[in-house]
file entry-v8.pdb (PDB, C-alpha atoms, pLDDT in the B column)
ATOM      1  CA  MET A   1      -8.538  -9.829 -14.723  1.00 76.00           C
ATOM      2  CA  ASP A   2     -10.865 -11.700 -17.053  1.00 84.00           C
ATOM      3  CA  ALA A   3      -9.252 -14.943 -18.262  1.00 86.00           C
ATOM      4  CA  LYS A   4     -10.681 -14.596 -21.785  1.00 91.00           C
ATOM      5  CA  LEU A   5      -9.255 -11.091 -22.103  1.00 90.00           C
ATOM      6  CA  LEU A   6      -5.883 -12.238 -20.812  1.00 90.00           C
ATOM      7  CA  ASP A   7      -5.828 -14.961 -23.482  1.00 92.00           C
ATOM      8  CA  ILE A   8      -6.090 -12.443 -26.314  1.00 95.00           C
ATOM      9  CA  LEU A   9      -3.829  -9.693 -24.958  1.00 96.00           C
ATOM     10  CA  ALA A  10      -0.219  -9.634 -26.131  1.00 97.00           C
ATOM     11  CA  CYS A  11       2.891  -7.632 -25.371  1.00 97.00           C
ATOM     12  CA  PRO A  12       3.012  -4.597 -27.682  1.00 96.00           C
ATOM     13  CA  VAL A  13       6.775  -5.033 -28.132  1.00 96.00           C
ATOM     14  CA  CYS A  14       7.265  -8.732 -28.908  1.00 97.00           C
ATOM     15  CA  LYS A  15       3.643  -9.894 -29.305  1.00 97.00           C
ATOM     16  CA  GLY A  16       4.324 -12.567 -26.672  1.00 96.00           C
ATOM     17  CA  PRO A  17       1.989 -13.655 -23.869  1.00 95.00           C
ATOM     18  CA  LEU A  18       1.303 -11.485 -20.853  1.00 95.00           C
ATOM     19  CA  HIS A  19       0.965 -12.758 -17.284  1.00 94.00           C
ATOM     20  CA  TRP A  20      -1.200 -11.030 -14.692  1.00 94.00           C
ATOM     21  CA  GLN A  21       0.528 -10.123 -11.446  1.00 92.00           C
ATOM     22  CA  LYS A  22      -2.386  -9.783  -9.056  1.00 91.00           C
ATOM     23  CA  ARG A  23      -0.508  -8.062  -6.190  1.00 90.00           C
ATOM     24  CA  ALA A  24       0.879  -5.280  -8.365  1.00 90.00           C
ATOM     25  CA  ASP A  25      -2.123  -5.292 -10.736  1.00 93.00           C
ATOM     26  CA  GLU A  26       0.184  -5.365 -13.736  1.00 95.00           C
ATOM     27  CA  LEU A  27       0.520  -7.412 -16.893  1.00 96.00           C
ATOM     28  CA  VAL A  28       4.048  -8.759 -17.250  1.00 96.00           C
ATOM     29  CA  CYS A  29       5.934  -9.820 -20.368  1.00 95.00           C
ATOM     30  CA  ARG A  30       8.583 -12.290 -19.231  1.00 93.00           C
ATOM     31  CA  ILE A  31      10.399 -12.131 -22.570  1.00 93.00           C
ATOM     32  CA  ASP A  32      10.970  -8.355 -22.559  1.00 94.00           C
ATOM     33  CA  ARG A  33      10.956  -8.018 -18.755  1.00 95.00           C
ATOM     34  CA  LEU A  34       8.323  -5.271 -18.914  1.00 96.00           C
ATOM     35  CA  ALA A  35       5.327  -4.680 -16.646  1.00 97.00           C
ATOM     36  CA  TYR A  36       2.303  -2.809 -17.966  1.00 97.00           C
ATOM     37  CA  PRO A  37      -0.060  -1.087 -15.521  1.00 97.00           C
ATOM     38  CA  ILE A  38      -3.774  -1.721 -15.206  1.00 96.00           C
ATOM     39  CA  ARG A  39      -5.640   1.494 -14.400  1.00 95.00           C
ATOM     40  CA  ASP A  40      -9.317   1.456 -13.483  1.00 94.00           C
ATOM     41  CA  GLY A  41      -9.520  -2.084 -14.854  1.00 91.00           C
ATOM     42  CA  ILE A  42      -8.016  -1.116 -18.225  1.00 93.00           C
ATOM     43  CA  PRO A  43      -4.629  -2.537 -19.304  1.00 95.00           C
ATOM     44  CA  ILE A  44      -2.329   0.228 -20.565  1.00 97.00           C
ATOM     45  CA  LEU A  45      -0.408  -1.608 -23.280  1.00 97.00           C
ATOM     46  CA  LEU A  46       1.797   1.162 -24.588  1.00 96.00           C
ATOM     47  CA  GLU A  47       5.528   0.559 -24.802  1.00 94.00           C
ATOM     48  CA  GLU A  48       6.296   3.897 -23.154  1.00 95.00           C
ATOM     49  CA  GLU A  49       4.023   2.966 -20.192  1.00 95.00           C
ATOM     50  CA  GLY A  50       5.864  -0.314 -19.576  1.00 95.00           C
ATOM     51  CA  ARG A  51       8.025  -0.499 -16.479  1.00 95.00           C
ATOM     52  CA  ARG A  52      11.357  -2.304 -16.815  1.00 96.00           C
ATOM     53  CA  LEU A  53      11.561  -5.149 -14.291  1.00 95.00           C
ATOM     54  CA  SER A  54      14.616  -5.340 -12.074  1.00 93.00           C
ATOM     55  CA  ALA A  55      16.791  -8.452 -12.222  1.00 90.00           C
ATOM     56  CA  ASP A  56      15.347  -9.583  -8.880  1.00 90.00           C
ATOM     57  CA  GLU A  57      11.757  -9.161 -10.082  1.00 88.00           C
ATOM     58  CA  ALA A  58      12.485 -11.019 -13.316  1.00 83.00           C
ATOM     59  CA  ALA A  59      14.129 -13.869 -11.413  1.00 87.00           C
ATOM     60  CA  LEU A  60      10.990 -14.313  -9.310  1.00 85.00           C
ATOM     61  CA  LEU A  61       8.899 -14.745 -12.464  1.00 77.00           C
ATOM     62  CA  SER A  62      10.957 -17.635 -13.833  1.00 63.00           C
TER      63      SER A  62
END
call {"tool": "encode", "arguments": {"input": "entry-v8.pdb", "output": "structure tokens"}}
result
Amino acid sequence: MDAKLLDILACPVCKGPLHWQKRADELVCRIDRLAYPIRDGIPILLEEEGRRLSADEAALLS
């Protein structure tokens, strides 16, 4: 994930920062506990595409 792109991307729900999870290739919003997929190098930042993080996953991000 390009660092400059990551700096300008925001969560579509709360407009907060997104964090790249390299292993899962997802962009994560810690505030909303949502993970957005990256497909073929393109972030899919649609609310309905976001995956709700489990409590365990969210705890690991803190």
call {"tool": "resolve_selection", "arguments": {"input": "entry-v8.pdb", "expression": "the PyMOL selection byres ((chain A and resi 21) around 10)", "output": "PyMOL selection string"}}
result
chain A and resi 1+18-20+22-28+35-37+61
call {"tool": "resolve_selection", "arguments": {"input": "entry-v8.pdb", "expression": "the PyMOL selection byres ((chain A and resi 14) around 12)", "output": "list in words"}}
result
Leu9, Ala10, Cys11, Pro12, Val13, Lys15, Gly16, Pro17, Leu18, Cys29, Arg30, Ile31, Asp32, Arg33, Leu34, Leu45 and Glu47 of chain A
call {"tool": "write_last_selection", "arguments": {"input": "entry-v8.pdb", "atoms": "C-alpha atoms", "output": "PDB file, in the frame of the given file"}}
result
ATOM      1  CA  LEU A   9      -3.829  -9.693 -24.958  1.00 96.00           C
ATOM      2  CA  ALA A  10      -0.219  -9.634 -26.131  1.00 97.00           C
ATOM      3  CA  CYS A  11       2.891  -7.632 -25.371  1.00 97.00           C
ATOM      4  CA  PRO A  12       3.012  -4.597 -27.682  1.00 96.00           C
ATOM      5  CA  VAL A  13       6.775  -5.033 -28.132  1.00 96.00           C
ATOM      6  CA  LYS A  15       3.643  -9.894 -29.305  1.00 97.00           C
ATOM      7  CA  GLY A  16       4.324 -12.567 -26.672  1.00 96.00           C
ATOM      8  CA  PRO A  17       1.989 -13.655 -23.869  1.00 95.00           C
ATOM      9  CA  LEU A  18       1.303 -11.485 -20.853  1.00 95.00           C
ATOM     10  CA  CYS A  29       5.934  -9.820 -20.368  1.00 95.00           C
ATOM     11  CA  ARG A  30       8.583 -12.290 -19.231  1.00 93.00           C
ATOM     12  CA  ILE A  31      10.399 -12.131 -22.570  1.00 93.00           C
ATOM     13  CA  ASP A  32      10.970  -8.355 -22.559  1.00 94.00           C
ATOM     14  CA  ARG A  33      10.956  -8.018 -18.755  1.00 95.00           C
ATOM     15  CA  LEU A  34       8.323  -5.271 -18.914  1.00 96.00           C
ATOM     16  CA  LEU A  45      -0.408  -1.608 -23.280  1.00 97.00           C
ATOM     17  CA  GLU A  47       5.528   0.559 -24.802  1.00 94.00           C
TER      18      GLU A  47
END
call {"tool": "axis_aligned_box", "arguments": {"input": "entry-v8.pdb", "around": "region 11-26 of chain A", "padding_each_side": "8 Å", "output": "JSON"}}
result
{"center_x": 2.4, "center_y": -9.1, "center_z": -17.7, "size_x": 25.7, "size_y": 25.1, "size_z": 39.1}
call {"tool": "atom_distance", "arguments": {"input": "entry-v8.pdb", "atom1": "CA of Pro43 (chain A)", "atom2": "CA of Asp2 (chain A)"}}
result
11.3 Å
call {"tool": "atom_distance", "arguments": {"input": "entry-v8.pdb", "atom1": "CA of Leu60 (chain A)", "atom2": "CA of Ile44 (chain A)"}}
result
22.7 Å
call {"tool": "atom_distance", "arguments": {"input": "entry-v8.pdb", "atom1": "CA of Ser54 (chain A)", "atom2": "CA of Leu6 (chain A)"}}
result
23.3 Å
call {"tool": "decode", "arguments": {"input": "entry-v8.pdb", "residues": "region 14-42 of chain A", "atoms": "N, CA and C atoms", "output": "PDB file, in the first residue's frame"}}
result
ATOM      1  N   CYS A  14     -16.959   7.256   9.305  1.00  0.00           N
ATOM      2  CA  CYS A  14     -16.656   8.308  10.283  1.00  0.00           C
ATOM      3  C   CYS A  14     -15.639   9.332   9.788  1.00  0.00           C
ATOM      4  N   LYS A  15     -15.076   9.088   8.618  1.00  0.00           N
ATOM      5  CA  LYS A  15     -14.050   9.962   8.024  1.00  0.00           C
ATOM      6  C   LYS A  15     -12.744   9.951   8.811  1.00  0.00           C
ATOM      7  N   GLY A  16     -12.578   8.942   9.674  1.00  0.00           N
ATOM      8  CA  GLY A  16     -11.356   8.797  10.458  1.00  0.00           C
ATOM      9  C   GLY A  16     -10.253   8.106   9.665  1.00  0.00           C
ATOM     10  N   PRO A  17      -9.066   8.009  10.255  1.00  0.00           N
ATOM     11  CA  PRO A  17      -7.931   7.393   9.569  1.00  0.00           C
ATOM     12  C   PRO A  17      -8.107   5.879   9.408  1.00  0.00           C
ATOM     13  N   LEU A  18      -7.482   5.372   8.362  1.00  0.00           N
ATOM     14  CA  LEU A  18      -7.480   3.938   8.105  1.00  0.00           C
ATOM     15  C   LEU A  18      -6.066   3.410   8.299  1.00  0.00           C
ATOM     16  N   HIS A  19      -5.962   2.174   8.774  1.00  0.00           N
ATOM     17  CA  HIS A  19      -4.674   1.536   9.014  1.00  0.00           C
ATOM     18  C   HIS A  19      -4.595   0.278   8.167  1.00  0.00           C
ATOM     19  N   TRP A  20      -3.486   0.111   7.465  1.00  0.00           N
ATOM     20  CA  TRP A  20      -3.312  -1.033   6.577  1.00  0.00           C
ATOM     21  C   TRP A  20      -2.874  -2.249   7.375  1.00  0.00           C
ATOM     22  N   GLN A  21      -3.616  -3.327   7.227  1.00  0.00           N
ATOM     23  CA  GLN A  21      -3.268  -4.612   7.815  1.00  0.00           C
ATOM     24  C   GLN A  21      -2.682  -5.473   6.696  1.00  0.00           C
ATOM     25  N   LYS A  22      -1.378  -5.553   6.677  1.00  0.00           N
ATOM     26  CA  LYS A  22      -0.669  -6.203   5.572  1.00  0.00           C
ATOM     27  C   LYS A  22      -1.067  -7.670   5.405  1.00  0.00           C
ATOM     28  N   ARG A  23      -1.119  -8.416   6.499  1.00  0.00           N
ATOM     29  CA  ARG A  23      -1.436  -9.866   6.405  1.00  0.00           C
ATOM     30  C   ARG A  23      -2.774 -10.132   5.740  1.00  0.00           C
ATOM     31  N   ALA A  24      -3.783  -9.377   6.146  1.00  0.00           N
ATOM     32  CA  ALA A  24      -5.136  -9.587   5.615  1.00  0.00           C
ATOM     33  C   ALA A  24      -5.390  -8.758   4.365  1.00  0.00           C
ATOM     34  N   ASP A  25      -4.467  -7.842   4.048  1.00  0.00           N
ATOM     35  CA  ASP A  25      -4.621  -6.904   2.937  1.00  0.00           C
ATOM     36  C   ASP A  25      -5.966  -6.184   3.035  1.00  0.00           C
ATOM     37  N   GLU A  26      -6.141  -5.529   4.172  1.00  0.00           N
ATOM     38  CA  GLU A  26      -7.360  -4.784   4.464  1.00  0.00           C
ATOM     39  C   GLU A  26      -6.986  -3.420   5.031  1.00  0.00           C
ATOM     40  N   LEU A  27      -7.892  -2.483   4.895  1.00  0.00           N
ATOM     41  CA  LEU A  27      -7.765  -1.191   5.557  1.00  0.00           C
ATOM     42  C   LEU A  27      -8.738  -1.189   6.728  1.00  0.00           C
ATOM     43  N   VAL A  28      -8.242  -0.888   7.908  1.00  0.00           N
ATOM     44  CA  VAL A  28      -9.034  -1.010   9.128  1.00  0.00           C
ATOM     45  C   VAL A  28      -9.293   0.361   9.744  1.00  0.00           C
ATOM     46  N   CYS A  29     -10.554   0.587  10.105  1.00  0.00           N
ATOM     47  CA  CYS A  29     -10.942   1.760  10.886  1.00  0.00           C
ATOM     48  C   CYS A  29     -11.086   1.293  12.333  1.00  0.00           C
ATOM     49  N   ARG A  30     -10.199   1.776  13.180  1.00  0.00           N
ATOM     50  CA  ARG A  30     -10.231   1.367  14.594  1.00  0.00           C
ATOM     51  C   ARG A  30     -11.439   1.951  15.318  1.00  0.00           C
ATOM     52  N   ILE A  31     -11.889   3.112  14.891  1.00  0.00           N
ATOM     53  CA  ILE A  31     -13.016   3.775  15.551  1.00  0.00           C
ATOM     54  C   ILE A  31     -14.309   2.972  15.355  1.00  0.00           C
ATOM     55  N   ASP A  32     -14.595   2.617  14.107  1.00  0.00           N
ATOM     56  CA  ASP A  32     -15.829   1.888  13.786  1.00  0.00           C
ATOM     57  C   ASP A  32     -15.672   0.374  13.836  1.00  0.00           C
ATOM     58  N   ARG A  33     -14.446  -0.101  14.027  1.00  0.00           N
ATOM     59  CA  ARG A  33     -14.151  -1.535  14.034  1.00  0.00           C
ATOM     60  C   ARG A  33     -14.632  -2.202  12.748  1.00  0.00           C
ATOM     61  N   LEU A  34     -14.242  -1.578  11.607  1.00  0.00           N
ATOM     62  CA  LEU A  34     -14.568  -2.114  10.292  1.00  0.00           C
ATOM     63  C   LEU A  34     -13.285  -2.338   9.511  1.00  0.00           C
ATOM     64  N   ALA A  35     -13.283  -3.398   8.697  1.00  0.00           N
ATOM     65  CA  ALA A  35     -12.149  -3.699   7.823  1.00  0.00           C
ATOM     66  C   ALA A  35     -12.643  -3.695   6.383  1.00  0.00           C
ATOM     67  N   TYR A  36     -11.973  -2.914   5.551  1.00  0.00           N
ATOM     68  CA  TYR A  36     -12.343  -2.790   4.145  1.00  0.00           C
ATOM     69  C   TYR A  36     -11.349  -3.572   3.285  1.00  0.00           C
ATOM     70  N   PRO A  37     -11.837  -4.368   2.347  1.00  0.00           N
ATOM     71  CA  PRO A  37     -10.939  -5.188   1.536  1.00  0.00           C
ATOM     72  C   PRO A  37     -10.170  -4.364   0.503  1.00  0.00           C
ATOM     73  N   ILE A  38      -9.050  -4.918   0.095  1.00  0.00           N
ATOM     74  CA  ILE A  38      -8.278  -4.371  -1.022  1.00  0.00           C
ATOM     75  C   ILE A  38      -8.277  -5.462  -2.082  1.00  0.00           C
ATOM     76  N   ARG A  39      -8.863  -5.174  -3.230  1.00  0.00           N
ATOM     77  CA  ARG A  39      -8.954  -6.161  -4.309  1.00  0.00           C
ATOM     78  C   ARG A  39      -8.172  -5.681  -5.517  1.00  0.00           C
ATOM     79  N   ASP A  40      -7.254  -6.500  -5.970  1.00  0.00           N
ATOM     80  CA  ASP A  40      -6.408  -6.147  -7.116  1.00  0.00           C
ATOM     81  C   ASP A  40      -5.736  -4.794  -6.916  1.00  0.00           C
ATOM     82  N   GLY A  41      -5.323  -4.522  -5.670  1.00  0.00           N
ATOM     83  CA  GLY A  41      -4.635  -3.280  -5.359  1.00  0.00           C
ATOM     84  C   GLY A  41      -5.532  -2.074  -5.180  1.00  0.00           C
ATOM     85  N   ILE A  42      -6.842  -2.265  -5.235  1.00  0.00           N
ATOM     86  CA  ILE A  42      -7.796  -1.154  -5.132  1.00  0.00           C
ATOM     87  C   ILE A  42      -8.593  -1.273  -3.830  1.00  0.00           C
TER      88      ILE A  42
END
